[in-house]
Each structure stands twice: as C-alpha cells, then as structure tokens.
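Have a look at run-v4.cif below; it lists mmCIF, C-alpha atoms.
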data_my_file
loop_
_atom_site.label_atom_id
_atom_site.label_comp_id
_atom_site.auth_asym_id
_atom_site.auth_seq_id
_atom_site.Cartn_x
_atom_site.Cartn_y
_atom_site.Cartn_z
CA GLY A 20 62.56 41.90 78.68
CA ASN A 21 65.67 43.51 77.31
CA PRO A 22 66.14 46.73 79.31
CA HIS A 23 69.68 47.37 78.02
CA GLY A 24 68.80 46.98 74.33
CA TRP A 25 71.28 44.14 73.74
CA ASP A 26 71.32 42.69 70.25
CA ARG A 27 70.33 39.09 69.54
CA LYS A 28 73.93 37.85 69.40
CA ARG A 29 74.58 38.95 72.97
CA ARG A 30 71.22 37.83 74.31
CA CYS A 31 68.45 35.69 72.89
CA ASP A 32 66.51 33.41 75.20
CA GLN A 33 63.02 32.23 76.12
CA ASP A 34 61.78 35.85 76.12
CA TYR A 35 62.32 36.03 72.35
CA LYS A 36 59.26 34.44 70.78
CA ASP A 37 58.55 36.46 67.64
CA PRO A 38 60.72 35.55 65.91
CA PRO A 39 62.27 32.85 68.09
CA CYS A 40 66.04 32.66 68.47
CA GLY A 41 67.91 31.33 65.47
CA MET A 42 71.29 29.74 65.02
CA CYS A 43 74.18 31.84 66.36
CA GLU A 44 71.83 34.09 68.33
CA GLY A 45 72.29 34.37 72.08
CA VAL A 46 75.81 32.94 71.98
CA GLY A 47 76.98 35.55 74.48
CA GLY A 48 80.62 35.83 75.39
CA VAL A 49 82.86 37.71 77.81
CA ALA A 50 81.01 40.89 78.86
CA TRP A 51 82.33 43.73 81.01
CA SER A 52 79.48 46.27 81.13
CA ASP A 53 75.81 46.82 80.27
CA LYS A 54 76.68 48.47 76.94
CA ASN A 55 75.81 46.21 74.02
CA GLU A 56 79.26 46.63 72.46
CA ASP A 57 81.14 45.79 75.68
CA ILE A 58 81.39 42.08 74.99
CA GLN A 59 83.76 39.75 73.20
CA LEU A 60 81.26 37.49 71.47
CA ALA A 61 81.89 33.77 71.27
CA PRO A 62 82.51 32.67 67.68
CA CYS A 63 79.70 30.78 65.98
CA LYS A 64 79.66 29.06 62.60
CA PRO A 65 76.66 26.87 61.81
CA LEU A 66 77.61 23.52 60.34
CA LEU A 67 74.14 22.10 59.73
CA LYS A 68 70.56 23.15 60.34
CA PRO A 69 68.77 20.97 62.90
CA GLU A 70 66.67 19.27 60.22
CA GLU A 71 69.88 18.35 58.34
CA VAL A 72 71.44 16.39 61.24
CA ASN A 73 71.33 12.60 61.05
CA MET A 74 70.49 11.84 64.68
CA SER A 75 71.76 8.26 64.36
CA THR A 76 75.28 9.74 64.13
CA VAL A 77 74.93 11.84 67.30
CA ALA A 78 76.28 10.29 70.50
CA ARG A 79 74.34 10.80 73.71
CA PRO A 80 76.45 12.85 76.15
CA ILE A 81 77.87 10.95 79.10
CA TYR A 82 78.80 13.13 82.05
CA PRO A 83 81.27 11.88 84.65
CA LYS A 84 79.99 11.42 88.19
CA ALA A 85 83.06 13.25 89.45
CA PHE A 86 85.48 15.61 87.75
CA THR A 87 88.11 18.27 88.35
CA SER A 88 88.53 21.27 86.11
CA THR A 89 91.53 23.59 86.32
CA LYS A 90 92.53 26.93 84.86
CA TYR A 91 89.22 28.31 83.62
CA LYS A 92 87.80 31.82 83.44
CA ASP A 93 84.40 33.08 84.53
CA VAL A 94 82.50 36.35 84.53
CA LEU A 95 79.79 36.48 87.17
CA ILE A 96 76.97 38.87 86.30
CA GLY A 97 74.35 39.99 88.79
CA ARG A 98 72.20 42.95 89.73
CA LYS A 99 74.13 45.85 91.29
CA THR A 100 73.14 46.26 94.95
CA ASP A 101 76.04 48.41 96.19
CA PRO A 102 78.31 50.99 94.51
CA PHE A 103 81.36 48.71 94.46
CA CYS A 104 79.76 45.40 93.44
CA PHE A 105 80.98 43.66 96.58
CA LYS A 106 77.72 41.82 97.14
CA PHE A 107 75.68 40.48 94.29
CA PHE A 108 74.39 37.12 93.23
CA PRO A 109 74.44 35.90 89.62
CA GLU A 110 70.95 35.55 88.23
CA ASN A 111 69.05 35.46 84.95
CA ASN A 112 67.54 38.91 85.33
CA SER A 113 69.03 41.86 83.45
CA SER A 114 66.86 44.65 84.83
CA GLY A 115 68.72 47.58 86.33
CA PRO A 116 72.48 48.17 86.35
CA MET A 117 74.57 45.01 86.52
CA CYS A 118 77.89 44.01 88.13
CA TYR A 119 80.47 42.13 86.05
CA ARG A 120 83.15 40.32 88.06
CA ALA A 121 85.92 38.43 86.31
CA GLU A 122 87.31 35.36 88.05
CA ASP A 123 90.22 33.10 87.25
CA GLY A 124 89.32 29.60 88.31
CA VAL A 125 92.14 27.69 89.95
CA ALA A 126 90.16 24.47 90.30
CA LYS A 127 86.61 23.14 90.41
CA TYR A 128 85.90 19.80 92.04
CA TYR A 129 82.53 18.12 91.49
CA ASP A 130 81.17 14.83 92.78
CA VAL A 131 77.50 14.01 92.15
CA GLU A 132 77.45 10.94 94.42
CA LYS A 133 78.70 12.97 97.39
CA GLU A 134 76.52 15.93 96.32
CA ALA A 135 79.59 18.12 96.66
CA VAL A 136 81.21 20.91 94.70
CA ARG A 137 84.16 23.11 95.54
CA THR A 138 85.50 26.01 93.52
CA ASP A 139 88.80 27.80 94.11
CA TYR A 140 89.24 31.05 92.23
CA ASN A 141 90.89 34.47 92.17
CA VAL A 142 88.45 37.37 92.02
CA LYS A 143 89.59 40.33 89.91
CA MET A 144 88.72 43.58 91.65
CA ASN A 145 87.49 46.53 89.55
CA GLY A 146 87.94 50.29 89.80
CA ALA A 147 89.99 51.76 92.64
CA PHE A 148 89.91 48.42 94.46
CA GLY A 149 91.91 46.88 91.60
CA LEU A 150 94.93 48.76 92.99
CA PHE A 151 95.01 46.34 95.93
CA GLY A 152 95.29 43.17 93.84
CA ASN A 153 92.96 40.22 93.58
CA ILE A 154 91.10 38.29 96.24
CA THR A 155 91.68 34.55 96.50
CA SER A 156 88.81 32.44 97.74
#

Target format structure tokens, applied to this file:
Amino acid sequence: GNPHGWDRKRRCDQDYKDPPCGMCEGVGGVAWSDKNEDIQLAPCKPLLKPEEVNMSTVARPIYPKAFTSTKYKDVLIGRKTDPFCFKFFPENNSSGPMCYRAEDGVAKYYDVEKEAVRTDYNVKMNGAFGLFGNITS
C-alpha cells in the first residue's frame, strides 16, 4: 500500500498495477520525512521508450568481483521503533511512521569471492542529539 499518500515520482513499485509504473515514476531521491514534499527527487529525462531501444547496441553489465567505493551518501529509511530512531532496520515497508537517517559513507569494500563487505560511515544524528555531533562507525 501507500499509507503516506506519496505521489508516483517518490514511490512506484510492484504494488502499482493499475496503471503500472511508467518512465520517471518511482525514481525516489533524498527523503527526510514521511511528508510527500520532503524529498529532493532524482532528475529523470527519458531518452527512448523501451520499444525504441536497439538491444544490439546495449552492453551487458559486467560487475567487478571486488570494489571499493569512497565518499558516498546514503539515507537509511526504516520503521520507527523508538522515539529517537536509534534502532531501526531499513526495509521495504512504509507502514507507520518512518525514521530517516543520513549517512556519509567514508568507504565501502566489497569482495564477492570472499563473501565479504565492510562499510565505514558517519551517521548524522537528528533532533537534540545532533548537538553532540555525528557518530562514526
């Protein structure tokens, strides 16, 4: 469902069947509350409709077996379970009030052959706890 009444630019997924999601719907962006307008939407400009793409010109993606990514930003969104959003787990369920936690990624290390991932980031604290600075993990 869509308990917060978000528009189709902010959210459009497998729950939207009639009509199904179109181009530039469900692009999402950087959100900071449950209000529909509290989001900086990702830009979207369609270049071609799917039926207009010549698939012989599209390269199959090749993902590295190991990579390091630095200096990225994340917003973890999960169901609110305590008044200060200390403990929540990101999930694909938008029922009830949500927590929005911004994080500045320092580095992410990934290695599929070792089945290992490590993420170093700074958590931005909200509300009164923001007075004490960020948490590094």

Compile the contact shell of segment 68-83 of chain A as a compact mmCIF listing (two decimals) with C-alpha atoms, keeping the file's coordinate frame: residues with an atom at most 9 Å away, counting all atoms listed in the file, same-chain residues fewer than 2 positions apart removed.
# COMPACT_ATOMS: atom_id res chain seq x y z
CA MET A 42 71.29 29.74 65.02
CA PRO A 65 76.66 26.87 61.81
CA LEU A 66 77.61 23.52 60.34
CA ALA A 85 83.06 13.25 89.45
CA PHE A 86 85.48 15.61 87.75
CA ASP A 130 81.17 14.83 92.78
CA VAL A 131 77.50 14.01 92.15

message = Applying 10 Å and only C-alpha atoms, which residues near Glu132 of chain A remain after dropping the ones on its own chain fewer than 3 positions away? List them as a PyMOL selection string.
response = chain A and resi 84-85+129+135

key: Residues matched by the PyMOL selection byres ((chain A and resi 112-115) around 7) as a PyMOL selection string   = chain A and resi 22+98+110-111+116-117

Determine the residue set returned by the PyMOL selection byres ((chain A and resi 93) around 9) for the present structure, and present it as a PDB file with C-alpha atoms, in the frame of the given file.
ATOM      1  CA  VAL A  49      82.860  37.710  77.810  1.00  0.00           C
ATOM      2  CA  TYR A  91      89.220  28.310  83.620  1.00  0.00           C
ATOM      3  CA  LYS A  92      87.800  31.820  83.440  1.00  0.00           C
ATOM      4  CA  VAL A  94      82.500  36.350  84.530  1.00  0.00           C
ATOM      5  CA  LEU A  95      79.790  36.480  87.170  1.00  0.00           C
ATOM      6  CA  ARG A 120      83.150  40.320  88.060  1.00  0.00           C
ATOM      7  CA  ALA A 121      85.920  38.430  86.310  1.00  0.00           C
ATOM      8  CA  GLU A 122      87.310  35.360  88.050  1.00  0.00           C
ATOM      9  CA  ASP A 123      90.220  33.100  87.250  1.00  0.00           C
ATOM     10  CA  GLY A 124      89.320  29.600  88.310  1.00  0.00           C
TER      11      GLY A 124
END

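The two atoms in question, atom CA of Met144 of chain A and atom CA of Val46 of chain A, are spaced 25.8 Å apart.
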
Any idea what's packed within 8 Å of Arg29 of chain A, counting only C-alpha atoms, ignoring anything in its chain fewer than 5 positions away? Could you give it as a JSON list (two decimals) with C-alpha atoms, keeping the file's coordinate frame?
[["chain", "number", "residue", "atom", "x", "y", "z"],
["A", 44, "GLU", "CA", 71.83, 34.09, 68.33],
["A", 45, "GLY", "CA", 72.29, 34.37, 72.08],
["A", 46, "VAL", "CA", 75.81, 32.94, 71.98],
["A", 47, "GLY", "CA", 76.98, 35.55, 74.48],
["A", 48, "GLY", "CA", 80.62, 35.83, 75.39],
["A", 55, "ASN", "CA", 75.81, 46.21, 74.02],
["A", 58, "ILE", "CA", 81.39, 42.08, 74.99],
["A", 60, "LEU", "CA", 81.26, 37.49, 71.47]]

request  = Please determine the residues with any atom at most 9 Å from (88.3, 21.5, 88.4) (coordinates as given in the file, with all atoms listed in the file counting) and report them as an MDAnalysis selection string.
outcome  = chainID A and resid 86:91 124:129 137:139

Output C-alpha atoms of each residue in that selection to a file, as a PDB file, keeping the file's coordinate frame.
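Okay, selection.pdb is ready:
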ATOM      1  CA  PHE A  86      85.480  15.610  87.750  1.00  0.00           C
ATOM      2  CA  THR A  87      88.110  18.270  88.350  1.00  0.00           C
ATOM      3  CA  SER A  88      88.530  21.270  86.110  1.00  0.00           C
ATOM      4  CA  THR A  89      91.530  23.590  86.320  1.00  0.00           C
ATOM      5  CA  LYS A  90      92.530  26.930  84.860  1.00  0.00           C
ATOM      6  CA  TYR A  91      89.220  28.310  83.620  1.00  0.00           C
ATOM      7  CA  GLY A 124      89.320  29.600  88.310  1.00  0.00           C
ATOM      8  CA  VAL A 125      92.140  27.690  89.950  1.00  0.00           C
ATOM      9  CA  ALA A 126      90.160  24.470  90.300  1.00  0.00           C
ATOM     10  CA  LYS A 127      86.610  23.140  90.410  1.00  0.00           C
ATOM     11  CA  TYR A 128      85.900  19.800  92.040  1.00  0.00           C
ATOM     12  CA  TYR A 129      82.530  18.120  91.490  1.00  0.00           C
ATOM     13  CA  ARG A 137      84.160  23.110  95.540  1.00  0.00           C
ATOM     14  CA  THR A 138      85.500  26.010  93.520  1.00  0.00           C
ATOM     15  CA  ASP A 139      88.800  27.800  94.110  1.00  0.00           C
TER      16      ASP A 139
END

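For the residues A:Lys143, A:Lys64, A:Lys133, A:Cys40, ranking by smallest atom-to-atom distance to Phe105 of chain A using only C-alpha atoms places A:Lys143 first.
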
Distance of atom CA of His23 of chain A from atom CA of Lys54 of chain A, expressed in Å to one decimal place =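 One can read the atom CA of Lys54 of chain A to atom CA of His23 of chain A distance as 7.2 Å.
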
Once 8 Å is added on each side, what are the centre and the three edge lengths, in Å to one decimal, of the axis-aligned box enclosing the listed atoms of segment 21-29 of chain A? Present them as lines of an AutoDock Vina configuration file.
center_x = 70.1
center_y = 42.6
center_z = 74.4
size_x = 24.9
size_y = 25.5
size_z = 25.9

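Distance check against Tyr35 of chain A using all atoms listed in the file: of A:Ser52, A:Gln59, A:Asn21, A:Asn141, the minimum falls on A:Asn21.
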
ask   = Using all atoms listed in the file, which residues sit within 6 Å of Ile96 of chain A once same-chain residues fewer than 5 positions away are excluded, as JSON, numbers by chain?
value = {"A": [109, 118, 119]}

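For the atom pair formed by atom CA of Lys28 of chain A and atom CA of Glu56 of chain A, the distance is 10.7 Å, given to one decimal.
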
What would segment 74-95 of chain A look like with N, CA and C atoms restored, written as a PDB file, in the frame of the given file?
ATOM      1  N   MET A  74      70.424  12.103  63.247  1.00  0.00           N
ATOM      2  CA  MET A  74      70.490  11.840  64.680  1.00  0.00           C
ATOM      3  C   MET A  74      71.105  10.482  65.018  1.00  0.00           C
ATOM      4  N   SER A  75      71.134   9.557  64.084  1.00  0.00           N
ATOM      5  CA  SER A  75      71.760   8.260  64.360  1.00  0.00           C
ATOM      6  C   SER A  75      73.283   8.390  64.472  1.00  0.00           C
ATOM      7  N   THR A  76      73.828   9.531  64.041  1.00  0.00           N
ATOM      8  CA  THR A  76      75.280   9.740  64.130  1.00  0.00           C
ATOM      9  C   THR A  76      75.661  10.578  65.351  1.00  0.00           C
ATOM     10  N   VAL A  77      74.672  10.989  66.142  1.00  0.00           N
ATOM     11  CA  VAL A  77      74.930  11.840  67.300  1.00  0.00           C
ATOM     12  C   VAL A  77      74.987  10.983  68.558  1.00  0.00           C
ATOM     13  N   ALA A  78      76.114  11.063  69.262  1.00  0.00           N
ATOM     14  CA  ALA A  78      76.280  10.290  70.500  1.00  0.00           C
ATOM     15  C   ALA A  78      75.586  11.006  71.658  1.00  0.00           C
ATOM     16  N   ARG A  79      74.948  10.245  72.515  1.00  0.00           N
ATOM     17  CA  ARG A  79      74.340  10.800  73.710  1.00  0.00           C
ATOM     18  C   ARG A  79      75.451  11.217  74.675  1.00  0.00           C
ATOM     19  N   PRO A  80      75.380  12.418  75.250  1.00  0.00           N
ATOM     20  CA  PRO A  80      76.450  12.850  76.150  1.00  0.00           C
ATOM     21  C   PRO A  80      76.484  12.004  77.425  1.00  0.00           C
ATOM     22  N   ILE A  81      77.669  11.695  77.850  1.00  0.00           N
ATOM     23  CA  ILE A  81      77.870  10.950  79.100  1.00  0.00           C
ATOM     24  C   ILE A  81      78.695  11.837  80.018  1.00  0.00           C
ATOM     25  N   TYR A  82      78.111  12.253  81.113  1.00  0.00           N
ATOM     26  CA  TYR A  82      78.800  13.130  82.050  1.00  0.00           C
ATOM     27  C   TYR A  82      79.416  12.300  83.160  1.00  0.00           C
ATOM     28  N   PRO A  83      80.638  12.625  83.551  1.00  0.00           N
ATOM     29  CA  PRO A  83      81.270  11.880  84.650  1.00  0.00           C
ATOM     30  C   PRO A  83      80.574  12.174  85.972  1.00  0.00           C
ATOM     31  N   LYS A  84      80.591  11.213  86.870  1.00  0.00           N
ATOM     32  CA  LYS A  84      79.990  11.420  88.190  1.00  0.00           C
ATOM     33  C   LYS A  84      80.850  12.311  89.056  1.00  0.00           C
ATOM     34  N   ALA A  85      82.136  12.374  88.732  1.00  0.00           N
ATOM     35  CA  ALA A  85      83.060  13.250  89.450  1.00  0.00           C
ATOM     36  C   ALA A  85      84.076  13.786  88.451  1.00  0.00           C
ATOM     37  N   PHE A  86      84.453  15.055  88.622  1.00  0.00           N
ATOM     38  CA  PHE A  86      85.480  15.610  87.750  1.00  0.00           C
ATOM     39  C   PHE A  86      86.176  16.775  88.440  1.00  0.00           C
ATOM     40  N   THR A  87      87.340  17.097  87.924  1.00  0.00           N
ATOM     41  CA  THR A  87      88.110  18.270  88.350  1.00  0.00           C
ATOM     42  C   THR A  87      88.436  19.075  87.113  1.00  0.00           C
ATOM     43  N   SER A  88      88.220  20.366  87.210  1.00  0.00           N
ATOM     44  CA  SER A  88      88.530  21.270  86.110  1.00  0.00           C
ATOM     45  C   SER A  88      89.509  22.314  86.641  1.00  0.00           C
ATOM     46  N   THR A  89      90.539  22.608  85.871  1.00  0.00           N
ATOM     47  CA  THR A  89      91.530  23.590  86.320  1.00  0.00           C
ATOM     48  C   THR A  89      91.723  24.664  85.257  1.00  0.00           C
ATOM     49  N   LYS A  90      92.177  25.799  85.723  1.00  0.00           N
ATOM     50  CA  LYS A  90      92.530  26.930  84.860  1.00  0.00           C
ATOM     51  C   LYS A  90      91.408  27.318  83.901  1.00  0.00           C
ATOM     52  N   TYR A  91      90.322  27.822  84.458  1.00  0.00           N
ATOM     53  CA  TYR A  91      89.220  28.310  83.620  1.00  0.00           C
ATOM     54  C   TYR A  91      88.916  29.745  84.014  1.00  0.00           C
ATOM     55  N   LYS A  92      88.167  30.428  83.181  1.00  0.00           N
ATOM     56  CA  LYS A  92      87.800  31.820  83.440  1.00  0.00           C
ATOM     57  C   LYS A  92      86.276  31.934  83.484  1.00  0.00           C
ATOM     58  N   ASP A  93      85.824  32.848  84.316  1.00  0.00           N
ATOM     59  CA  ASP A  93      84.400  33.080  84.530  1.00  0.00           C
ATOM     60  C   ASP A  93      84.145  34.570  84.613  1.00  0.00           C
ATOM     61  N   VAL A  94      82.966  35.002  84.238  1.00  0.00           N
ATOM     62  CA  VAL A  94      82.500  36.350  84.530  1.00  0.00           C
ATOM     63  C   VAL A  94      81.143  36.186  85.195  1.00  0.00           C
ATOM     64  N   LEU A  95      81.069  36.540  86.471  1.00  0.00           N
ATOM     65  CA  LEU A  95      79.790  36.480  87.170  1.00  0.00           C
ATOM     66  C   LEU A  95      79.059  37.788  86.932  1.00  0.00           C
TER      67      LEU A  95
END
